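A.B. asks: Following this message is one structure expressed as structure tokens.
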Amino acid sequence: MSHNPWIWFAAFLTLCTFSFLWRDNPFYKFAEHLFVGVSVGYTITILYHNSFMPRVWEPIVINHQYFVLLPTLLGLLAFAIFFKNISWLIRYPIAFVMGSSCGISVPRSFEGYIFRHMQGTITAISPGQSPFLLISNIVMVIGVIATLLYFYFSIEHKGIMGKAANVGIWYIMLAFGASFGYTVMARVSLLIGRLQFLLHDWLGIIG
Amino acid sequence: MNIDRRWIYLLVGICVIIPLIRPIGLPTFTTKYTKALFDYIDNVPPDGPAVLISFDFDPSTAPELQPMAQAVLRHCFAKGVNVMCLGLYPTYIGMIDMALSKVKGDYGAVSGKDFVFLPYVPGVTAVMLSMGEDIKNTFGRDYYGVPLDSLPMMRHIRNYDDVALVVSISASSLPLSWAVLVGTSYHVRVGVGTTAVSAAEYYSWLQTGQFVGMLGGLKGAAEYENLIDVRGYTKKGTRKVASMGMDAQSFVHLLMIALIIIGNIAYFNLRKRAK
């Protein structure tokens with residue numbers, strides 16, 4: 001069993017959080033509030049030391065790089081939301097962030113999200129593939145076309161179009177199933193991690 | 001159909017605790033995407049271009065992702081590959097500190113020589129793009145406050161041209177940002193280690209070649225632990241945390257399958273009776 005008081009405290013907080021499985025209670029509330037408070041405090045500290053001091057204070061006050069005042073003022077305008085008569089000023093930093101983000105993301109997103117995936121689908125079936133890979137790729141291409149047809153709403157889903165859309169629904173359902181299976185795996189992994197901490201780090205009953 | 005859900009919690013708890021205390025060692029098979037990432041890192045020359053590990057997760061997903069990060073670090077340190085560690089959000093920085101403190105001692109890895117711990121700098125997209133121009137200018141100093149210019153490892157590293165691979169170990173969509181913003185613009189290869197929740201989403205990115213390989217969830221971490229262990233990159237006595245959890249994982253999956261089957265049988269029986 002651990003002799004480290006911090007391990008004991010972490011184990012206590014873990015048990016407090018698990019107690020919610022029984023029902024809501026003051027121990028759970030304590031752990032929840034402590035988590036929120038510590039997270040905010042930690043983030044503010046990191047931001048102060050890694051962002052405000054080296055990016056604002058030192059350049060302006062110590063190095064006299066006064067051009068840094070411009071982005072600093074733009075950032076400060078975000079706080080205008082707290083003052084009713086000048087709250088409209090927040091539009092400027094938001095416009096800057098939105099404009100620059102869109103400019104950076106749009107062309108690259110077309111390349112990464114659309115063109116490369118289209119290319120991957122078009123070139124999936126090619127000569128010289130092993131039978132298993134060929135069948136897998138045919139199934140994939142059918143899935144892409146059927147799913148796209150399901151989301152094509154300018155033609156009524158009847159006849160051949162309806163059948164293709166139905167195939168699309170099957171593919172979507174299979175994707176949901178795969179996601180659900182992976183989600184179960186993820187949540188169980190988190191429980192395993194926490195119980196490993198309790199059984200190994202705290203109680204010392206597993207190796 | 002109205003079973004108190006706490007019975008299910010109890011069953012899940014039992015299915016996790018018993019295999020942890022009495023493991024039976026169910027086999028874990030290596031998937032091709034784990035092997036692909038392993039092979040890529042294994043072929044990076046020692047003291048050449050660096051592997052940039054982006055710790056894109058916080059404590060809430062650490063049980064799945066921290067074993068991955070540690071396994072990749074072990075692999076790099078054992079091979080003498082230079083490593084840069086990066087956290088793009090404030091709470092991610094602590095995960096780097098924890099992983100390095102557990103691994104570096106086993107390999108005698110030295111800060112500035114074998115690895116560089118980059119500090120938190122705000123502006124995720126801006127940081128990713130700025131690193132493409134000049135990594136030293138983007139960060140200035142390392143996490144410990146030492147100027148990057150003075151570190152031996154950084155003498156031959158300027159930007160992504162000197163990075164062999166970006167490994168994004170992530171619980172969010174940041175691997176996609178790495179692939180889209182950095183992979184597309186700077187032609188850097190990107191590998192991903194992700195929570196199981198996100199793994200299904202990334203298979204199409206593997207098929208298009210935008211990801212070199214992928215570690216999916218605790219199983220991916222266990223596979224990587226086994227791969228580095230087989231090659232002798234793990235020091236004796238190292239706890240294979242992810243591998244130790246795989247028995248429990250399998251038992252809970254069997255329980256879930258049983259519960260889904262029982263639930264469906266009960267549902268159809270009730271519907272039949274109602275008719």
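Naming scheme: A, B, ... for chains in displayed order of the structure tokens; residues 1 onward per chain; ligands 1 onward as shown.
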Show me, as a PDB file with N, CA and C atoms, in the first residue's frame, the residues that have an atom within 9 Å of Arg108 (chain A) when counting only C-alpha atoms, minus same-chain residues fewer than 4 positions from it.
C.D. replies:
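File written: out02.pdb
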ATOM      1  N   ILE A 104      -6.882  30.438 -43.804  1.00  0.00           N
ATOM      2  CA  ILE A 104      -5.893  29.356 -43.640  1.00  0.00           C
ATOM      3  C   ILE A 104      -6.524  28.004 -43.941  1.00  0.00           C
ATOM      4  N   GLY A 112      -7.292  18.357 -48.140  1.00  0.00           N
ATOM      5  CA  GLY A 112      -7.206  17.245 -47.191  1.00  0.00           C
ATOM      6  C   GLY A 112      -8.493  16.460 -47.045  1.00  0.00           C
ATOM      7  N   TYR A 113      -9.625  17.185 -46.951  1.00  0.00           N
ATOM      8  CA  TYR A 113     -10.889  16.511 -46.648  1.00  0.00           C
ATOM      9  C   TYR A 113     -11.593  15.996 -47.907  1.00  0.00           C
TER      10      TYR A 113
ATOM     11  N   VAL B 180      -4.160  18.063 -42.287  1.00  0.00           N
ATOM     12  CA  VAL B 180      -4.636  19.049 -43.265  1.00  0.00           C
ATOM     13  C   VAL B 180      -3.701  20.255 -43.329  1.00  0.00           C
ATOM     14  N   LEU B 181      -3.346  20.800 -42.172  1.00  0.00           N
ATOM     15  CA  LEU B 181      -2.562  22.041 -42.172  1.00  0.00           C
ATOM     16  C   LEU B 181      -1.069  21.784 -42.414  1.00  0.00           C
ATOM     17  N   THR B 184      -0.480  18.567 -45.560  1.00  0.00           N
ATOM     18  CA  THR B 184      -0.775  19.071 -46.903  1.00  0.00           C
ATOM     19  C   THR B 184       0.193  20.172 -47.311  1.00  0.00           C
ATOM     20  N   SER B 185       0.439  21.119 -46.401  1.00  0.00           N
ATOM     21  CA  SER B 185       1.250  22.296 -46.768  1.00  0.00           C
ATOM     22  C   SER B 185       2.740  22.003 -46.772  1.00  0.00           C
TER      23      SER B 185
END
A.B. asks: Find the spatial neighbours of Thr125 (chain B), counting only C-alpha atoms, within a cut-off of 10 Å - ignore same-chain residues fewer than 4 positions away - and output them as number ranges by chain.
C.D. replies: A: 101, 104-105; B: 88, 129-130, 174, 177-178, 181-182
A.B. asks: Just the residues within 12 Å of Ala175 (chain A), please, counting only C-alpha atoms, with nothing from its chain fewer than 2 positions along; format it as a list in words.
C.D. replies: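 Skipping anything fewer than 2 positions along the chain leaves Met140, Gly143, Val144, Thr147, Gly168, Ile169, Trp170, Tyr171, Ile172, Met173, Gly177, Ala178, Ser179, Phe180, Gly181 and Tyr182 of chain A; Ala199, Ala200, Glu201 and Tyr203 of chain B.
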A.B. asks: Restrict the selected residues to N, CA and C atoms and save them as a JSON list (two decimals), in the first residue's frame.
C.D. replies:
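Once everything was written out, this is out.json:
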[["chain", "number", "residue", "atom", "x", "y", "z"],
["A", 140, "MET", "N", -16.16, -0.83, -50.42],
["A", 140, "MET", "CA", -15.99, 0.56, -49.99],
["A", 140, "MET", "C", -16.56, 1.54, -51.02],
["A", 143, "GLY", "N", -20.21, 1.56, -51.01],
["A", 143, "GLY", "CA", -20.66, 2.27, -49.81],
["A", 143, "GLY", "C", -20.62, 3.78, -49.98],
["A", 144, "VAL", "N", -19.56, 4.29, -50.58],
["A", 144, "VAL", "CA", -19.43, 5.74, -50.78],
["A", 144, "VAL", "C", -20.56, 6.23, -51.70],
["A", 147, "THR", "N", -24.07, 5.86, -50.00],
["A", 147, "THR", "CA", -24.27, 6.84, -48.92],
["A", 147, "THR", "C", -24.48, 8.24, -49.49],
["A", 168, "GLY", "N", -27.39, 2.69, -48.76],
["A", 168, "GLY", "CA", -26.67, 3.76, -48.04],
["A", 168, "GLY", "C", -27.00, 3.75, -46.56],
["A", 169, "ILE", "N", -28.30, 3.55, -46.24],
["A", 169, "ILE", "CA", -28.70, 3.51, -44.82],
["A", 169, "ILE", "C", -27.99, 2.36, -44.11],
["A", 170, "TRP", "N", -27.90, 1.20, -44.80],
["A", 170, "TRP", "CA", -27.21, 0.06, -44.19],
["A", 170, "TRP", "C", -25.76, 0.39, -43.87],
["A", 171, "TYR", "N", -25.11, 1.05, -44.82],
["A", 171, "TYR", "CA", -23.71, 1.44, -44.59],
["A", 171, "TYR", "C", -23.61, 2.40, -43.40],
["A", 172, "ILE", "N", -24.53, 3.35, -43.34],
["A", 172, "ILE", "CA", -24.50, 4.33, -42.23],
["A", 172, "ILE", "C", -24.70, 3.62, -40.89],
["A", 173, "MET", "N", -25.64, 2.66, -40.88],
["A", 173, "MET", "CA", -25.91, 1.90, -39.64],
["A", 173, "MET", "C", -24.67, 1.11, -39.22],
["A", 177, "GLY", "N", -22.57, 1.39, -35.81],
["A", 177, "GLY", "CA", -22.24, 0.21, -34.99],
["A", 177, "GLY", "C", -20.75, 0.16, -34.66],
["A", 178, "ALA", "N", -19.93, 0.42, -35.69],
["A", 178, "ALA", "CA", -18.47, 0.41, -35.47],
["A", 178, "ALA", "C", -18.08, 1.49, -34.46],
["A", 179, "SER", "N", -18.70, 2.68, -34.60],
["A", 179, "SER", "CA", -18.40, 3.77, -33.68],
["A", 179, "SER", "C", -18.82, 3.41, -32.25],
["A", 180, "PHE", "N", -20.00, 2.77, -32.13],
["A", 180, "PHE", "CA", -20.48, 2.39, -30.80],
["A", 180, "PHE", "C", -19.53, 1.38, -30.15],
["A", 181, "GLY", "N", -19.12, 0.38, -30.96],
["A", 181, "GLY", "CA", -18.18, -0.63, -30.44],
["A", 181, "GLY", "C", -16.90, 0.01, -29.94],
["A", 182, "TYR", "N", -16.37, 0.92, -30.74],
["A", 182, "TYR", "CA", -15.15, 1.62, -30.33],
["A", 182, "TYR", "C", -15.38, 2.49, -29.09],
["B", 199, "ALA", "N", -11.18, 6.36, -33.40],
["B", 199, "ALA", "CA", -10.44, 5.50, -34.34],
["B", 199, "ALA", "C", -11.21, 5.24, -35.63],
["B", 200, "ALA", "N", -12.52, 4.97, -35.50],
["B", 200, "ALA", "CA", -13.31, 4.62, -36.70],
["B", 200, "ALA", "C", -13.26, 5.73, -37.74],
["B", 201, "GLU", "N", -13.21, 6.98, -37.25],
["B", 201, "GLU", "CA", -13.21, 8.14, -38.15],
["B", 201, "GLU", "C", -11.95, 8.21, -39.02],
["B", 203, "TYR", "N", -10.00, 5.75, -40.39],
["B", 203, "TYR", "CA", -9.62, 4.71, -41.34],
["B", 203, "TYR", "C", -9.55, 5.23, -42.77]]
A.B. asks: Looking at only C-alpha atoms, which of B:Phe211, B:Tyr9, B:Tyr186, B:Tyr233 is the one that sits closest to chain A?
C.D. replies: B:Tyr9
A.B. asks: Report as a PDB file with C-alpha atoms, in the first residue's frame all protein, DNA and RNA residues lying within 6 Å of Ala222 (chain B), evaluated on only C-alpha atoms, omitting residues in the same chain fewer than 3 positions from it.
C.D. replies:
ATOM      1  CA  LYS B 219      -5.504  -2.072 -27.866  1.00  0.00           C
ATOM      2  CA  GLU B 225       4.095  -2.147 -26.296  1.00  0.00           C
ATOM      3  CA  ALA B 242      -1.847  -1.211 -21.784  1.00  0.00           C
ATOM      4  CA  SER B 243      -1.131  -4.915 -22.283  1.00  0.00           C
TER       5      SER B 243
END
A.B. asks: Pick out the closest residue to chain A from this set: B:Gly87, B:Pro122, B:Pro59, B:Gly237. Count only C-alpha atoms.
C.D. replies: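 Of all the options, B:Pro122 lies closest to chain A.
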A.B. asks: Kindly provide, as an mmCIF file with N, CA and C atoms, in the first residue's frame, the residues of chain B having any atom no farther than 8 Å from an atom of chain A, counting only C-alpha atoms.
C.D. replies:
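Below you can see result.cif, which holds the result:
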data_model
loop_
_atom_site.group_PDB
_atom_site.id
_atom_site.type_symbol
_atom_site.label_atom_id
_atom_site.label_comp_id
_atom_site.auth_asym_id
_atom_site.auth_seq_id
_atom_site.Cartn_x
_atom_site.Cartn_y
_atom_site.Cartn_z
ATOM 1 N N ARG B 6 -27.420 -0.170 -11.867
ATOM 2 C CA ARG B 6 -26.278 -0.384 -10.969
ATOM 3 C C ARG B 6 -25.823 -1.832 -10.959
ATOM 4 N N TYR B 9 -23.354 -1.889 -13.706
ATOM 5 C CA TYR B 9 -22.085 -1.295 -13.233
ATOM 6 C C TYR B 9 -21.296 -2.324 -12.424
ATOM 7 N N VAL B 16 -13.746 -6.203 -14.801
ATOM 8 C CA VAL B 16 -12.478 -5.475 -14.922
ATOM 9 C C VAL B 16 -11.513 -5.892 -13.800
ATOM 10 N N ILE B 17 -12.019 -5.954 -12.579
ATOM 11 C CA ILE B 17 -11.131 -6.173 -11.419
ATOM 12 C C ILE B 17 -10.517 -7.584 -11.429
ATOM 13 N N LEU B 20 -7.655 -8.105 -13.804
ATOM 14 C CA LEU B 20 -6.487 -7.304 -13.412
ATOM 15 C C LEU B 20 -5.713 -7.997 -12.292
ATOM 16 N N ILE B 21 -6.477 -8.622 -11.372
ATOM 17 C CA ILE B 21 -5.821 -9.306 -10.242
ATOM 18 C C ILE B 21 -5.268 -10.666 -10.677
ATOM 19 N N THR B 61 -8.299 11.438 -20.719
ATOM 20 C CA THR B 61 -8.119 10.298 -21.630
ATOM 21 C C THR B 61 -6.741 9.648 -21.470
ATOM 22 N N ALA B 62 -6.059 10.023 -20.402
ATOM 23 C CA ALA B 62 -4.705 9.500 -20.175
ATOM 24 C C ALA B 62 -4.635 7.968 -20.089
ATOM 25 N N PRO B 63 -5.622 7.267 -19.485
ATOM 26 C CA PRO B 63 -5.481 5.806 -19.417
ATOM 27 C C PRO B 63 -5.302 5.155 -20.776
ATOM 28 N N GLU B 64 -5.901 5.723 -21.815
ATOM 29 C CA GLU B 64 -5.750 5.149 -23.160
ATOM 30 C C GLU B 64 -4.494 5.665 -23.854
ATOM 31 N N PRO B 90 -2.977 24.216 -22.705
ATOM 32 C CA PRO B 90 -2.282 24.269 -21.398
ATOM 33 C C PRO B 90 -2.304 22.953 -20.622
ATOM 34 N N THR B 91 -3.467 22.258 -20.625
ATOM 35 C CA THR B 91 -3.535 21.043 -19.799
ATOM 36 C C THR B 91 -2.777 19.865 -20.417
ATOM 37 N N PRO B 119 7.634 24.404 -24.952
ATOM 38 C CA PRO B 119 6.670 24.971 -24.002
ATOM 39 C C PRO B 119 5.317 25.235 -24.661
ATOM 40 N N TYR B 120 4.329 25.548 -23.839
ATOM 41 C CA TYR B 120 3.014 25.896 -24.384
ATOM 42 C C TYR B 120 3.064 27.292 -25.009
ATOM 43 N N VAL B 121 2.593 27.363 -26.240
ATOM 44 C CA VAL B 121 2.428 28.666 -26.896
ATOM 45 C C VAL B 121 0.999 28.718 -27.422
ATOM 46 N N PRO B 122 0.245 29.776 -27.115
ATOM 47 C CA PRO B 122 -1.166 29.803 -27.532
ATOM 48 C C PRO B 122 -1.331 29.961 -29.043
ATOM 49 N N ALA B 179 -2.829 16.706 -40.222
ATOM 50 C CA ALA B 179 -2.795 16.173 -41.589
ATOM 51 C C ALA B 179 -3.137 17.253 -42.608
ATOM 52 N N VAL B 180 -4.160 18.063 -42.287
ATOM 53 C CA VAL B 180 -4.636 19.049 -43.265
ATOM 54 C C VAL B 180 -3.701 20.255 -43.329
ATOM 55 N N LEU B 181 -3.346 20.800 -42.172
ATOM 56 C CA LEU B 181 -2.562 22.041 -42.172
ATOM 57 C C LEU B 181 -1.069 21.784 -42.414
ATOM 58 N N THR B 184 -0.480 18.567 -45.560
ATOM 59 C CA THR B 184 -0.775 19.071 -46.903
ATOM 60 C C THR B 184 0.193 20.172 -47.311
ATOM 61 N N SER B 185 0.439 21.119 -46.401
ATOM 62 C CA SER B 185 1.250 22.296 -46.768
ATOM 63 C C SER B 185 2.740 22.003 -46.772
ATOM 64 N N THR B 195 -7.846 7.856 -29.191
ATOM 65 C CA THR B 195 -8.784 7.119 -28.348
ATOM 66 C C THR B 195 -9.632 6.230 -29.262
ATOM 67 N N ALA B 196 -10.152 5.155 -28.695
ATOM 68 C CA ALA B 196 -10.950 4.238 -29.517
ATOM 69 C C ALA B 196 -12.164 4.950 -30.104
ATOM 70 N N VAL B 197 -12.701 5.935 -29.379
ATOM 71 C CA VAL B 197 -13.880 6.667 -29.865
ATOM 72 C C VAL B 197 -13.614 7.265 -31.247
ATOM 73 N N SER B 198 -12.421 7.801 -31.443
ATOM 74 C CA SER B 198 -12.111 8.504 -32.698
ATOM 75 C C SER B 198 -11.556 7.579 -33.778
ATOM 76 N N ALA B 199 -11.175 6.364 -33.399
ATOM 77 C CA ALA B 199 -10.437 5.503 -34.343
ATOM 78 C C ALA B 199 -11.212 5.236 -35.632
ATOM 79 N N ALA B 200 -12.520 4.971 -35.504
ATOM 80 C CA ALA B 200 -13.313 4.621 -36.695
ATOM 81 C C ALA B 200 -13.260 5.731 -37.739
ATOM 82 N N SER B 204 -10.464 6.177 -43.099
ATOM 83 C CA SER B 204 -10.416 6.715 -44.466
ATOM 84 C C SER B 204 -9.143 7.542 -44.680
ATOM 85 N N TRP B 205 -8.651 8.154 -43.604
ATOM 86 C CA TRP B 205 -7.414 8.943 -43.706
ATOM 87 C C TRP B 205 -6.200 8.029 -43.863
ATOM 88 N N GLN B 207 -6.488 5.120 -45.453
ATOM 89 C CA GLN B 207 -6.631 4.587 -46.814
ATOM 90 C C GLN B 207 -6.090 5.576 -47.845
ATOM 91 N N THR B 208 -6.258 6.888 -47.572
ATOM 92 C CA THR B 208 -5.766 7.890 -48.520
ATOM 93 C C THR B 208 -4.272 8.174 -48.334
ATOM 94 N N GLY B 217 -6.869 3.304 -29.542
ATOM 95 C CA GLY B 217 -7.288 2.977 -28.180
ATOM 96 C C GLY B 217 -6.257 2.173 -27.402
ATOM 97 N N LEU B 218 -6.737 1.594 -26.302
ATOM 98 C CA LEU B 218 -5.846 0.827 -25.420
ATOM 99 C C LEU B 218 -5.243 -0.365 -26.168
ATOM 100 N N GLY B 245 -4.061 -4.379 -19.300
ATOM 101 C CA GLY B 245 -5.500 -4.096 -19.262
ATOM 102 C C GLY B 245 -6.302 -4.837 -20.312
ATOM 103 N N ALA B 248 -8.976 -7.537 -19.191
ATOM 104 C CA ALA B 248 -10.181 -6.888 -18.660
ATOM 105 C C ALA B 248 -11.041 -6.346 -19.805
ATOM 106 N N GLN B 249 -10.356 -5.749 -20.782
ATOM 107 C CA GLN B 249 -11.064 -5.202 -21.947
ATOM 108 C C GLN B 249 -11.864 -6.311 -22.650
ATOM 109 N N VAL B 252 -14.958 -7.457 -20.593
ATOM 110 C CA VAL B 252 -16.084 -6.511 -20.621
ATOM 111 C C VAL B 252 -16.762 -6.541 -21.984
ATOM 112 N N HIS B 253 -15.979 -6.721 -23.059
ATOM 113 C CA HIS B 253 -16.595 -6.807 -24.384
ATOM 114 C C HIS B 253 -17.521 -8.025 -24.466
#
A.B. asks: Within 12 Å of Ser2 (chain A), counting only C-alpha atoms, which residues qualify if same-chain residues fewer than 4 places away don't, as a ChimeraX atom specification?
C.D. replies: /A:6-11,197-205
A.B. asks: Pull C-alpha atoms from the residues just selected and write them as a PDB file, in the first residue's frame.
C.D. replies:
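Writing done, so here's selection_13.pdb:
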ATOM      1  CA  TRP A   6      -0.914  12.473  -2.772  1.00  0.00           C
ATOM      2  CA  ILE A   7      -1.675   8.945  -3.993  1.00  0.00           C
ATOM      3  CA  TRP A   8      -4.123   8.593  -1.096  1.00  0.00           C
ATOM      4  CA  PHE A   9      -5.718  11.910  -1.969  1.00  0.00           C
ATOM      5  CA  ALA A  10      -6.004  10.915  -5.669  1.00  0.00           C
ATOM      6  CA  ALA A  11      -7.529   7.570  -4.640  1.00  0.00           C
ATOM      7  CA  PHE A 197      -4.276   3.141 -10.385  1.00  0.00           C
ATOM      8  CA  LEU A 198      -6.308   2.007  -7.359  1.00  0.00           C
ATOM      9  CA  LEU A 199      -5.046  -1.582  -7.400  1.00  0.00           C
ATOM     10  CA  HIS A 200      -1.402  -0.870  -8.289  1.00  0.00           C
ATOM     11  CA  ASP A 201      -0.423   2.637  -7.221  1.00  0.00           C
ATOM     12  CA  TRP A 202      -2.661   2.862  -4.139  1.00  0.00           C
ATOM     13  CA  LEU A 203      -3.277  -0.645  -2.776  1.00  0.00           C
ATOM     14  CA  GLY A 204      -0.273  -2.353  -4.398  1.00  0.00           C
ATOM     15  CA  ILE A 205      -2.114  -5.639  -4.931  1.00  0.00           C
TER      16      ILE A 205
END
A.B. asks: Name the residues of region 120-269 of chain B that come out as helix (DSSP H, G or I) in a backbone DSSP run; write them as a ChimeraX atom specification.
C.D. replies: /B:124-133,135-139,148-150,152-156,160-162,174-186,196-207,217-230,241-269
A.B. asks: Can you work out the spacing between CA of Leu176 (chain B) and CA of Val190 (chain B) in Å, to one decimal?
C.D. replies: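 Taking CA of Leu176 (chain B) as the start and CA of Val190 (chain B) as the end point, the length is 9.4 Å.
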A.B. asks: Do you have the CA of Val212 (chain B)-CA of Ala36 (chain B) distance handy?
C.D. replies: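 Between CA of Val212 (chain B) and CA of Ala36 (chain B) the gap works out to 6.6 Å.
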A.B. asks: Closest to Ile90 (chain A) among A:Ile62, A:Leu13, A:Leu74, A:Val36, using only C-alpha atoms?
C.D. replies: A:Leu74
A.B. asks: Quick check, in Å to one decimal: how far apart do CA of Ala266 (chain B) and CA of Val12 (chain B) lie?
C.D. replies: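 If I compute the distance from CA of Ala266 (chain B) to CA of Val12 (chain B), I get 20.3 Å.
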A.B. asks: Just checking: using only C-alpha atoms, which residue out of A:Val61, A:Ala78, A:Met1, A:Ala164 ends up closest to Tyr92 (chain A)?
C.D. replies: A:Ala78
A.B. asks: So that I can see what lies close to region 75-79 of chain B, please list as a VMD selection string the residues with an atom at most 7 Å from it, counting only C-alpha atoms and leaving out residues fewer than 4 positions away in the same chain.
C.D. replies: chain B and resid 46 71 107 109 228 233
A.B. asks: Suppose we keep N, CA and C atoms; can you now write the selection as a short mmCIF file (atom, residue, chain, number, x, y, z; two decimals), in the first residue's frame?
C.D. replies:
data_model
loop_
_atom_site.label_atom_id
_atom_site.label_comp_id
_atom_site.auth_asym_id
_atom_site.auth_seq_id
_atom_site.Cartn_x
_atom_site.Cartn_y
_atom_site.Cartn_z
N PRO B 46 19.09 7.35 -36.43
CA PRO B 46 19.46 7.96 -35.15
C PRO B 46 20.13 9.32 -35.37
N ALA B 71 5.12 4.40 -24.95
CA ALA B 71 5.67 3.35 -25.83
C ALA B 71 6.42 3.99 -27.01
N TYR B 107 16.48 5.19 -20.30
CA TYR B 107 17.36 5.23 -21.47
C TYR B 107 18.47 6.28 -21.34
N ALA B 109 18.07 9.36 -21.38
CA ALA B 109 17.80 10.44 -22.34
C ALA B 109 17.97 11.80 -21.65
N ILE B 228 7.55 -3.17 -29.40
CA ILE B 228 8.86 -2.67 -28.92
C ILE B 228 9.50 -3.68 -27.95
N TYR B 233 13.40 -3.23 -27.22
CA TYR B 233 13.53 -1.80 -26.94
C TYR B 233 13.05 -1.43 -25.54
#
A.B. asks: Restricting the calculation to only C-alpha atoms, which member of B:Ile262, B:Ile157, B:Val116, B:Ile257 is positioned closest to Glu133 (chain B)?
C.D. replies: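 Closest to Glu133 (chain B) of all the choices is B:Ile157.
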